[in-house]
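Everything below belongs to target.pdb, which stores PDB, C-alpha atoms.
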ATOM      1  CA  MET Y   3     108.063 146.543 129.415  1.00  0.00           C
ATOM      2  CA  PRO Y   4     110.828 143.958 129.991  1.00  0.00           C
ATOM      3  CA  THR Y   5     109.771 140.656 131.500  1.00  0.00           C
ATOM      4  CA  THR Y   6     111.000 140.176 135.065  1.00  0.00           C
ATOM      5  CA  PRO Y   7     113.207 137.076 135.236  1.00  0.00           C
ATOM      6  CA  ASP Y   8     111.810 134.175 137.239  1.00  0.00           C
ATOM      7  CA  ARG Y   9     114.047 133.835 140.282  1.00  0.00           C
ATOM      8  CA  SER Y  10     113.461 130.069 140.516  1.00  0.00           C
ATOM      9  CA  SER Y  11     115.040 129.542 137.098  1.00  0.00           C
ATOM     10  CA  TYR Y  12     118.469 130.845 138.186  1.00  0.00           C
ATOM     11  CA  PRO Y  13     121.150 128.886 140.031  1.00  0.00           C
ATOM     12  CA  ASP Y  14     121.641 131.483 142.760  1.00  0.00           C
ATOM     13  CA  THR Y  15     120.589 134.956 143.911  1.00  0.00           C
ATOM     14  CA  ARG Y  16     123.569 136.657 142.256  1.00  0.00           C
ATOM     15  CA  ALA Y  17     122.688 135.261 138.835  1.00  0.00           C
ATOM     16  CA  TRP Y  18     119.068 136.350 139.224  1.00  0.00           C
ATOM     17  CA  ILE Y  19     119.979 139.895 140.317  1.00  0.00           C
ATOM     18  CA  ARG Y  20     122.376 140.283 137.392  1.00  0.00           C
ATOM     19  CA  ALA Y  21     119.600 139.215 135.019  1.00  0.00           C
ATOM     20  CA  LEU Y  22     117.246 141.956 136.168  1.00  0.00           C
ATOM     21  CA  PRO Y  23     116.813 144.643 133.467  1.00  0.00           C
ATOM     22  CA  ALA Y  24     118.532 147.995 133.983  1.00  0.00           C
ATOM     23  CA  LEU Y  25     118.823 151.346 132.228  1.00  0.00           C
ATOM     24  CA  GLY Y  26     115.511 150.871 130.478  1.00  0.00           C
ATOM     25  CA  GLY Y  27     114.465 154.504 130.584  1.00  0.00           C
ATOM     26  CA  VAL Y  28     114.316 156.986 127.747  1.00  0.00           C
ATOM     27  CA  THR Y  29     117.424 159.114 128.204  1.00  0.00           C
ATOM     28  CA  PRO Y  30     117.124 162.729 127.037  1.00  0.00           C
ATOM     29  CA  PRO Y  31     119.862 164.149 124.786  1.00  0.00           C
ATOM     30  CA  PRO Y  32     123.086 164.996 126.629  1.00  0.00           C
ATOM     31  CA  VAL Y  33     123.373 168.448 128.140  1.00  0.00           C
ATOM     32  CA  GLY Y  34     125.034 171.005 125.861  1.00  0.00           C
ATOM     33  CA  ALA Y  35     126.415 174.186 127.350  1.00  0.00           C
ATOM     34  CA  LEU Y  36     126.344 173.981 131.122  1.00  0.00           C
ATOM     35  CA  PRO Y  37     124.840 176.855 133.112  1.00  0.00           C
ATOM     36  CA  GLU Y  38     127.068 178.684 135.568  1.00  0.00           C
ATOM     37  CA  SER Y  39     125.481 177.171 138.672  1.00  0.00           C
ATOM     38  CA  PRO Y  40     124.415 173.603 139.484  1.00  0.00           C
ATOM     39  CA  GLY Y  41     121.093 174.823 140.884  1.00  0.00           C
ATOM     40  CA  ALA Y  42     120.009 176.049 137.459  1.00  0.00           C
ATOM     41  CA  LEU Y  43     120.836 172.732 135.790  1.00  0.00           C
ATOM     42  CA  PHE Y  44     119.204 170.780 138.612  1.00  0.00           C
ATOM     43  CA  LEU Y  45     115.950 172.711 138.223  1.00  0.00           C
ATOM     44  CA  ASP Y  46     116.074 172.132 134.442  1.00  0.00           C
ATOM     45  CA  TRP Y  47     116.464 168.400 134.996  1.00  0.00           C
ATOM     46  CA  MET Y  48     113.749 168.226 137.644  1.00  0.00           C
ATOM     47  CA  THR Y  49     111.384 170.241 135.427  1.00  0.00           C
ATOM     48  CA  GLN Y  50     112.029 167.815 132.570  1.00  0.00           C
ATOM     49  CA  ALA Y  51     111.438 164.852 134.880  1.00  0.00           C
ATOM     50  CA  ALA Y  52     108.133 166.303 136.115  1.00  0.00           C
ATOM     51  CA  ALA Y  53     107.006 167.077 132.558  1.00  0.00           C
ATOM     52  CA  ALA Y  54     107.832 163.509 131.518  1.00  0.00           C
ATOM     53  CA  GLY Y  55     105.617 162.127 134.290  1.00  0.00           C
ATOM     54  CA  VAL Y  56     108.378 160.832 136.559  1.00  0.00           C
ATOM     55  CA  PRO Y  57     106.662 160.077 139.905  1.00  0.00           C
ATOM     56  CA  GLU Y  58     107.791 162.281 142.790  1.00  0.00           C
ATOM     57  CA  PRO Y  59     110.766 163.888 141.020  1.00  0.00           C
ATOM     58  CA  HIS Y  60     111.472 165.822 144.219  1.00  0.00           C
ATOM     59  CA  ALA Y  61     112.130 162.639 146.230  1.00  0.00           C
ATOM     60  CA  ALA Y  62     115.722 162.094 147.319  1.00  0.00           C
ATOM     61  CA  ALA Y  63     117.832 159.871 149.545  1.00  0.00           C
ATOM     62  CA  LEU Y  64     119.394 161.852 152.377  1.00  0.00           C
ATOM     63  CA  SER Y  65     122.585 160.310 153.754  1.00  0.00           C
ATOM     64  CA  THR Y  66     123.998 161.355 157.124  1.00  0.00           C
ATOM     65  CA  VAL Y  67     126.664 160.182 159.577  1.00  0.00           C
ATOM     66  CA  ASP Y  68     126.148 159.826 163.327  1.00  0.00           C
ATOM     67  CA  ALA Y  69     128.501 160.709 166.177  1.00  0.00           C
ATOM     68  CA  GLU Y  70     130.225 157.310 165.898  1.00  0.00           C
ATOM     69  CA  GLY Y  71     130.782 157.687 162.140  1.00  0.00           C
ATOM     70  CA  VAL Y  72     128.051 155.200 161.201  1.00  0.00           C
ATOM     71  CA  PRO Y  73     126.162 156.207 158.040  1.00  0.00           C
ATOM     72  CA  ASP Y  74     122.401 156.197 157.623  1.00  0.00           C
ATOM     73  CA  ALA Y  75     120.067 157.030 154.738  1.00  0.00           C
ATOM     74  CA  ARG Y  76     116.381 157.620 154.172  1.00  0.00           C
ATOM     75  CA  PHE Y  77     114.135 159.044 151.478  1.00  0.00           C
ATOM     76  CA  LEU Y  78     112.448 162.405 151.867  1.00  0.00           C
ATOM     77  CA  LEU Y  79     111.049 165.249 149.768  1.00  0.00           C
ATOM     78  CA  LEU Y  80     113.049 168.248 148.653  1.00  0.00           C
ATOM     79  CA  LYS Y  81     111.434 171.487 149.793  1.00  0.00           C
ATOM     80  CA  ASP Y  82     113.296 174.208 147.900  1.00  0.00           C
ATOM     81  CA  VAL Y  83     116.349 175.059 145.809  1.00  0.00           C
ATOM     82  CA  THR Y  84     117.991 178.443 146.363  1.00  0.00           C
ATOM     83  CA  GLU Y  85     121.347 180.024 145.643  1.00  0.00           C
ATOM     84  CA  GLN Y  86     122.425 178.732 149.049  1.00  0.00           C
ATOM     85  CA  GLY Y  87     121.544 175.123 148.335  1.00  0.00           C
ATOM     86  CA  PHE Y  88     119.028 172.294 148.634  1.00  0.00           C
ATOM     87  CA  TRP Y  89     116.423 172.410 151.403  1.00  0.00           C
ATOM     88  CA  PHE Y  90     114.647 169.682 153.372  1.00  0.00           C
ATOM     89  CA  SER Y  91     112.973 169.561 156.773  1.00  0.00           C
ATOM     90  CA  GLY Y  92     112.287 167.353 159.764  1.00  0.00           C
ATOM     91  CA  ASP Y  93     112.287 167.053 163.528  1.00  0.00           C
ATOM     92  CA  ALA Y  94     115.425 167.836 165.491  1.00  0.00           C
ATOM     93  CA  ARG Y  95     114.735 164.769 167.667  1.00  0.00           C
ATOM     94  CA  SER Y  96     114.701 162.397 164.682  1.00  0.00           C
ATOM     95  CA  PRO Y  97     117.710 160.225 163.755  1.00  0.00           C
ATOM     96  CA  LYS Y  98     118.624 162.601 160.936  1.00  0.00           C
ATOM     97  CA  GLY Y  99     118.312 165.557 163.306  1.00  0.00           C
ATOM     98  CA  ARG Y 100     120.634 163.909 165.816  1.00  0.00           C
ATOM     99  CA  ASP Y 101     123.078 162.955 163.061  1.00  0.00           C
ATOM    100  CA  LEU Y 102     123.181 166.517 161.761  1.00  0.00           C
ATOM    101  CA  GLU Y 103     123.719 167.844 165.270  1.00  0.00           C
ATOM    102  CA  ALA Y 104     126.766 165.570 165.599  1.00  0.00           C
ATOM    103  CA  ASN Y 105     128.063 165.917 162.016  1.00  0.00           C
ATOM    104  CA  ALA Y 106     126.708 168.792 159.939  1.00  0.00           C
ATOM    105  CA  VAL Y 107     127.421 167.133 156.589  1.00  0.00           C
ATOM    106  CA  ALA Y 108     125.109 165.238 154.258  1.00  0.00           C
ATOM    107  CA  ALA Y 109     124.509 163.938 150.762  1.00  0.00           C
ATOM    108  CA  LEU Y 110     121.320 164.093 148.707  1.00  0.00           C
ATOM    109  CA  THR Y 111     120.845 161.642 145.848  1.00  0.00           C
ATOM    110  CA  PHE Y 112     118.105 162.033 143.237  1.00  0.00           C
ATOM    111  CA  TYR Y 113     117.348 159.170 140.825  1.00  0.00           C
ATOM    112  CA  TRP Y 114     114.996 159.517 137.862  1.00  0.00           C
ATOM    113  CA  LYS Y 115     115.213 156.028 136.373  1.00  0.00           C
ATOM    114  CA  GLU Y 116     112.689 156.803 133.646  1.00  0.00           C
ATOM    115  CA  GLN Y 117     115.219 159.249 132.219  1.00  0.00           C
ATOM    116  CA  GLY Y 118     118.405 157.455 133.212  1.00  0.00           C
ATOM    117  CA  ARG Y 119     119.520 160.369 135.350  1.00  0.00           C
ATOM    118  CA  GLN Y 120     120.997 160.881 138.809  1.00  0.00           C
ATOM    119  CA  VAL Y 121     122.041 163.985 140.693  1.00  0.00           C
ATOM    120  CA  ARG Y 122     124.449 163.663 143.634  1.00  0.00           C
ATOM    121  CA  VAL Y 123     124.778 166.570 146.056  1.00  0.00           C
ATOM    122  CA  ARG Y 124     127.373 166.630 148.849  1.00  0.00           C
ATOM    123  CA  GLY Y 125     128.110 169.382 151.306  1.00  0.00           C
ATOM    124  CA  THR Y 126     127.738 170.930 154.713  1.00  0.00           C
ATOM    125  CA  VAL Y 127     124.356 171.418 156.355  1.00  0.00           C
ATOM    126  CA  VAL Y 128     123.072 174.642 157.879  1.00  0.00           C
ATOM    127  CA  GLU Y 129     119.862 175.251 159.754  1.00  0.00           C
ATOM    128  CA  GLY Y 130     117.309 177.734 158.437  1.00  0.00           C
ATOM    129  CA  ASP Y 131     116.096 180.580 160.604  1.00  0.00           C
ATOM    130  CA  PRO Y 132     113.030 180.043 162.841  1.00  0.00           C
ATOM    131  CA  ALA Y 133     110.725 181.923 160.450  1.00  0.00           C
ATOM    132  CA  LEU Y 134     111.577 179.534 157.603  1.00  0.00           C
ATOM    133  CA  SER Y 135     111.137 176.472 159.807  1.00  0.00           C
ATOM    134  CA  ALA Y 136     107.756 177.825 160.943  1.00  0.00           C
ATOM    135  CA  ARG Y 137     106.642 178.434 157.368  1.00  0.00           C
ATOM    136  CA  ASP Y 138     107.669 174.910 156.401  1.00  0.00           C
ATOM    137  CA  PHE Y 139     105.736 173.445 159.321  1.00  0.00           C
ATOM    138  CA  ARG Y 140     102.571 175.449 158.606  1.00  0.00           C
ATOM    139  CA  GLU Y 141     102.619 174.458 154.936  1.00  0.00           C
ATOM    140  CA  ARG Y 142     102.035 170.839 155.932  1.00  0.00           C
ATOM    141  CA  SER Y 143      98.530 169.409 156.226  1.00  0.00           C
ATOM    142  CA  ILE Y 144      96.914 169.384 159.671  1.00  0.00           C
ATOM    143  CA  THR Y 145      97.440 165.638 159.945  1.00  0.00           C
ATOM    144  CA  ALA Y 146     101.095 165.912 158.893  1.00  0.00           C
ATOM    145  CA  ARG Y 147     101.650 168.694 161.437  1.00  0.00           C
ATOM    146  CA  ALA Y 148      99.971 166.665 164.153  1.00  0.00           C
ATOM    147  CA  VAL Y 149     102.067 163.598 163.409  1.00  0.00           C
ATOM    148  CA  ALA Y 150     105.243 165.699 163.390  1.00  0.00           C
ATOM    149  CA  ALA Y 151     104.365 167.308 166.710  1.00  0.00           C
ATOM    150  CA  ALA Y 152     103.198 164.135 168.450  1.00  0.00           C
ATOM    151  CA  SER Y 153     105.553 161.470 167.165  1.00  0.00           C
ATOM    152  CA  ARG Y 154     108.620 160.311 169.053  1.00  0.00           C
ATOM    153  CA  GLN Y 155     110.206 159.372 165.761  1.00  0.00           C
ATOM    154  CA  SER Y 156     111.998 156.017 165.596  1.00  0.00           C
ATOM    155  CA  GLU Y 157     111.406 155.181 169.272  1.00  0.00           C
ATOM    156  CA  ILE Y 158     109.816 151.811 170.017  1.00  0.00           C
ATOM    157  CA  LEU Y 159     106.009 151.941 169.878  1.00  0.00           C
ATOM    158  CA  ASP Y 160     104.543 149.462 172.358  1.00  0.00           C
ATOM    159  CA  ASP Y 161     100.915 150.526 172.044  1.00  0.00           C
ATOM    160  CA  PRO Y 162      99.452 151.826 168.737  1.00  0.00           C
ATOM    161  CA  ALA Y 163      96.560 153.303 170.724  1.00  0.00           C
ATOM    162  CA  GLU Y 164      99.005 155.619 172.481  1.00  0.00           C
ATOM    163  CA  TYR Y 165     100.102 156.939 169.082  1.00  0.00           C
ATOM    164  CA  ASP Y 166      96.478 157.480 168.024  1.00  0.00           C
ATOM    165  CA  ARG Y 167      95.750 159.416 171.216  1.00  0.00           C
ATOM    166  CA  ALA Y 168      98.855 161.579 170.820  1.00  0.00           C
ATOM    167  CA  VAL Y 169      98.011 162.466 167.205  1.00  0.00           C
ATOM    168  CA  ALA Y 170      94.369 163.186 168.072  1.00  0.00           C
ATOM    169  CA  ALA Y 171      95.462 165.523 170.845  1.00  0.00           C
ATOM    170  CA  ALA Y 172      97.880 167.271 168.488  1.00  0.00           C
ATOM    171  CA  VAL Y 173      95.137 167.691 165.844  1.00  0.00           C
ATOM    172  CA  ALA Y 174      92.878 169.290 168.455  1.00  0.00           C
ATOM    173  CA  ARG Y 175      95.662 171.620 169.528  1.00  0.00           C
ATOM    174  CA  ILE Y 176      96.396 172.718 165.937  1.00  0.00           C
ATOM    175  CA  GLU Y 177      92.724 173.224 165.119  1.00  0.00           C
ATOM    176  CA  ALA Y 178      92.432 175.439 168.201  1.00  0.00           C
ATOM    177  CA  ASP Y 179      95.650 177.304 167.335  1.00  0.00           C
ATOM    178  CA  PRO Y 180      96.347 177.255 163.555  1.00  0.00           C
ATOM    179  CA  ASP Y 181      99.568 179.211 164.098  1.00  0.00           C
ATOM    180  CA  PHE Y 182     101.031 176.507 166.333  1.00  0.00           C
ATOM    181  CA  VAL Y 183     104.542 175.402 165.318  1.00  0.00           C
ATOM    182  CA  SER Y 184     106.449 172.557 166.944  1.00  0.00           C
ATOM    183  CA  ASP Y 185     109.541 173.960 168.645  1.00  0.00           C
ATOM    184  CA  THR Y 186     111.583 170.982 167.430  1.00  0.00           C
ATOM    185  CA  TRP Y 187     110.772 171.417 163.723  1.00  0.00           C
ATOM    186  CA  ARG Y 188     113.721 172.395 161.540  1.00  0.00           C
ATOM    187  CA  ALA Y 189     114.442 173.447 157.973  1.00  0.00           C
ATOM    188  CA  TRP Y 190     117.912 172.404 156.838  1.00  0.00           C
ATOM    189  CA  CYS Y 191     119.961 173.271 153.766  1.00  0.00           C
ATOM    190  CA  VAL Y 192     122.672 171.194 152.136  1.00  0.00           C
ATOM    191  CA  VAL Y 193     125.179 173.828 151.022  1.00  0.00           C
ATOM    192  CA  PRO Y 194     126.888 171.918 148.224  1.00  0.00           C
ATOM    193  CA  GLY Y 195     130.595 171.543 147.783  1.00  0.00           C
ATOM    194  CA  THR Y 196     130.047 169.272 144.780  1.00  0.00           C
ATOM    195  CA  VAL Y 197     127.058 168.463 142.585  1.00  0.00           C
ATOM    196  CA  GLU Y 198     127.342 165.671 140.027  1.00  0.00           C
ATOM    197  CA  PHE Y 199     124.935 165.210 137.124  1.00  0.00           C
ATOM    198  CA  TRP Y 200     124.955 161.612 135.886  1.00  0.00           C
ATOM    199  CA  GLN Y 201     123.288 160.576 132.653  1.00  0.00           C
ATOM    200  CA  ALA Y 202     123.051 156.923 131.646  1.00  0.00           C
ATOM    201  CA  ASP Y 203     124.221 155.329 128.432  1.00  0.00           C
ATOM    202  CA  THR Y 204     123.113 151.794 127.536  1.00  0.00           C
ATOM    203  CA  GLY Y 205     126.685 151.009 126.495  1.00  0.00           C
ATOM    204  CA  ARG Y 206     127.831 152.128 129.962  1.00  0.00           C
ATOM    205  CA  ARG Y 207     129.590 155.222 128.564  1.00  0.00           C
ATOM    206  CA  HIS Y 208     127.744 157.277 131.154  1.00  0.00           C
ATOM    207  CA  VAL Y 209     128.088 161.047 131.013  1.00  0.00           C
ATOM    208  CA  ARG Y 210     129.213 162.543 134.333  1.00  0.00           C
ATOM    209  CA  GLN Y 211     129.426 166.295 134.761  1.00  0.00           C
ATOM    210  CA  LEU Y 212     130.666 167.721 138.036  1.00  0.00           C
ATOM    211  CA  TYR Y 213     130.279 171.140 139.599  1.00  0.00           C
ATOM    212  CA  ARG Y 214     132.917 171.745 142.267  1.00  0.00           C
ATOM    213  CA  ARG Y 215     132.887 174.816 144.474  1.00  0.00           C
ATOM    214  CA  VAL Y 216     136.193 176.658 144.724  1.00  0.00           C
ATOM    215  CA  SER Y 217     135.958 179.700 146.973  1.00  0.00           C
ATOM    216  CA  ASP Y 218     132.973 181.676 145.675  1.00  0.00           C
ATOM    217  CA  ARG Y 219     132.741 180.156 142.186  1.00  0.00           C
ATOM    218  CA  TRP Y 220     131.925 176.876 140.491  1.00  0.00           C
ATOM    219  CA  ILE Y 221     134.400 174.810 138.482  1.00  0.00           C
ATOM    220  CA  ARG Y 222     132.790 172.561 135.854  1.00  0.00           C
ATOM    221  CA  GLU Y 223     134.469 169.256 135.003  1.00  0.00           C
ATOM    222  CA  VAL Y 224     133.715 166.066 133.085  1.00  0.00           C
ATOM    223  CA  LEU Y 225     134.447 162.773 134.887  1.00  0.00           C
ATOM    224  CA  TRP Y 226     135.369 159.400 133.503  1.00  0.00           C
ATOM    225  CA  PRO Y 227     132.358 157.039 133.439  1.00  0.00           C
TER     226      PRO Y 227
END

Spit out the file's structure as structure tokens when you get a sec.
Amino acid sequence: MPTTPDRSSYPDTRAWIRALPALGGVTPPPVGALPESPGALFLDWMTQAAAAGVPEPHAAALSTVDAEGVPDARFLLLKDVTEQGFWFSGDARSPKGRDLEANAVAALTFYWKEQGRQVRVRGTVVEGDPALSARDFRERSITARAVAAASRQSEILDDPAEYDRAVAAAVARIEADPDFVSDTWRAWCVVPGTVEFWQADTGRRHVRQLYRRVSDRWIREVLWP
């Protein structure tokens, strides 16, 4: 494992950051023949990442834009990949829920540094039907469901005891009614317009392969590094 440079030995922050090691993963061989759809290649890459022991290979950064055009990003867990697109979930009252209500577009970025790979998904966002949202909610642990139902996500919390009471009450409600589903829980799908597969090269000749949707088919292109 590379030694982390001692920050105090550098003249300024920029010099120290540039000295930090990068692209130290073991990059798999480049992709040969590309499958017809990006979903198939994505699942191949995620399967390889999981088999190689990459922690949380289903974690991604979700980027959204609010009503004023201000971007925001946060990490979450991918829930499914279908022919329609890439699925995630959350509360409609959350910042991402409000952003998607104002601007139904998003980007998902996956980064598997151990393999020198990224996947960048951009597209429109559609909401899943109530049955899918309910299934997603019920698949969570009791505690996770209680937190989702009780939390006023991202609002200021003045009293931690109030949060504890709200979660405890939600746990009791769910234990009494296991079929309970929060009416603000949503499943969302990023329907991709483009999906880029990025594979690192230590000489910076990165391999970038792009899927671009044109009507009802995918165009496959290679991008300059």

Practice task
For segment 196-206 of chain Y, work out the shell of residues within 8 Å, counting only C-alpha atoms and skipping chain neighbours fewer than 2 positions away, then give it as a list in words.
Solution key: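 Near neighbours after the sequence-gap exclusion: Leu25, Thr29, Pro32, Pro40, Gly118, Arg119, Gln120, Val121, Arg122, Val123, Arg124, Gly125, Pro194, His208, Val209, Arg210, Gln211, Leu212, Tyr213, Arg214, Arg215 and Pro227 of chain Y.
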
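Our summary of the geometry notes that atom CA of Val149 of chain Y is positioned 13.8 Å from atom CA of Asp185 of chain Y.
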
Handout entry: Atom pair atom CA of Leu102 of chain Y / atom CA of Pro73 of chain Y: separation (Å)
Key =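 Distance between the two atoms: 11.4 Å.
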
Handout entry: Atom pair atom CA of Arg154 of chain Y / atom CA of Arg95 of chain Y: separation (Å)
Key =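 Calculated distance between atom CA of Arg154 of chain Y and atom CA of Arg95 of chain Y is 7.7 Å.
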
Exercise for the section: Pull out every residue that the PyMOL selection byres ((chain Y and resi 132) around 12) matches in the shown coordinates and put them as JSON, numbers by chain. Expected result: {"Y": [129, 130, 131, 133, 134, 135, 136, 137, 138, 139, 183, 184, 185, 186, 187, 188, 189, 190]}

Would you output that residue set with C-alpha atoms, as a compact mmCIF listing (two decimals), in the coordinates of the input?
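Output file out-v3.txt follows:
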# COMPACT_ATOMS: atom_id res chain seq x y z
CA GLU Y 129 119.86 175.25 159.75
CA GLY Y 130 117.31 177.73 158.44
CA ASP Y 131 116.10 180.58 160.60
CA ALA Y 133 110.72 181.92 160.45
CA LEU Y 134 111.58 179.53 157.60
CA SER Y 135 111.14 176.47 159.81
CA ALA Y 136 107.76 177.82 160.94
CA ARG Y 137 106.64 178.43 157.37
CA ASP Y 138 107.67 174.91 156.40
CA PHE Y 139 105.74 173.44 159.32
CA VAL Y 183 104.54 175.40 165.32
CA SER Y 184 106.45 172.56 166.94
CA ASP Y 185 109.54 173.96 168.64
CA THR Y 186 111.58 170.98 167.43
CA TRP Y 187 110.77 171.42 163.72
CA ARG Y 188 113.72 172.40 161.54
CA ALA Y 189 114.44 173.45 157.97
CA TRP Y 190 117.91 172.40 156.84
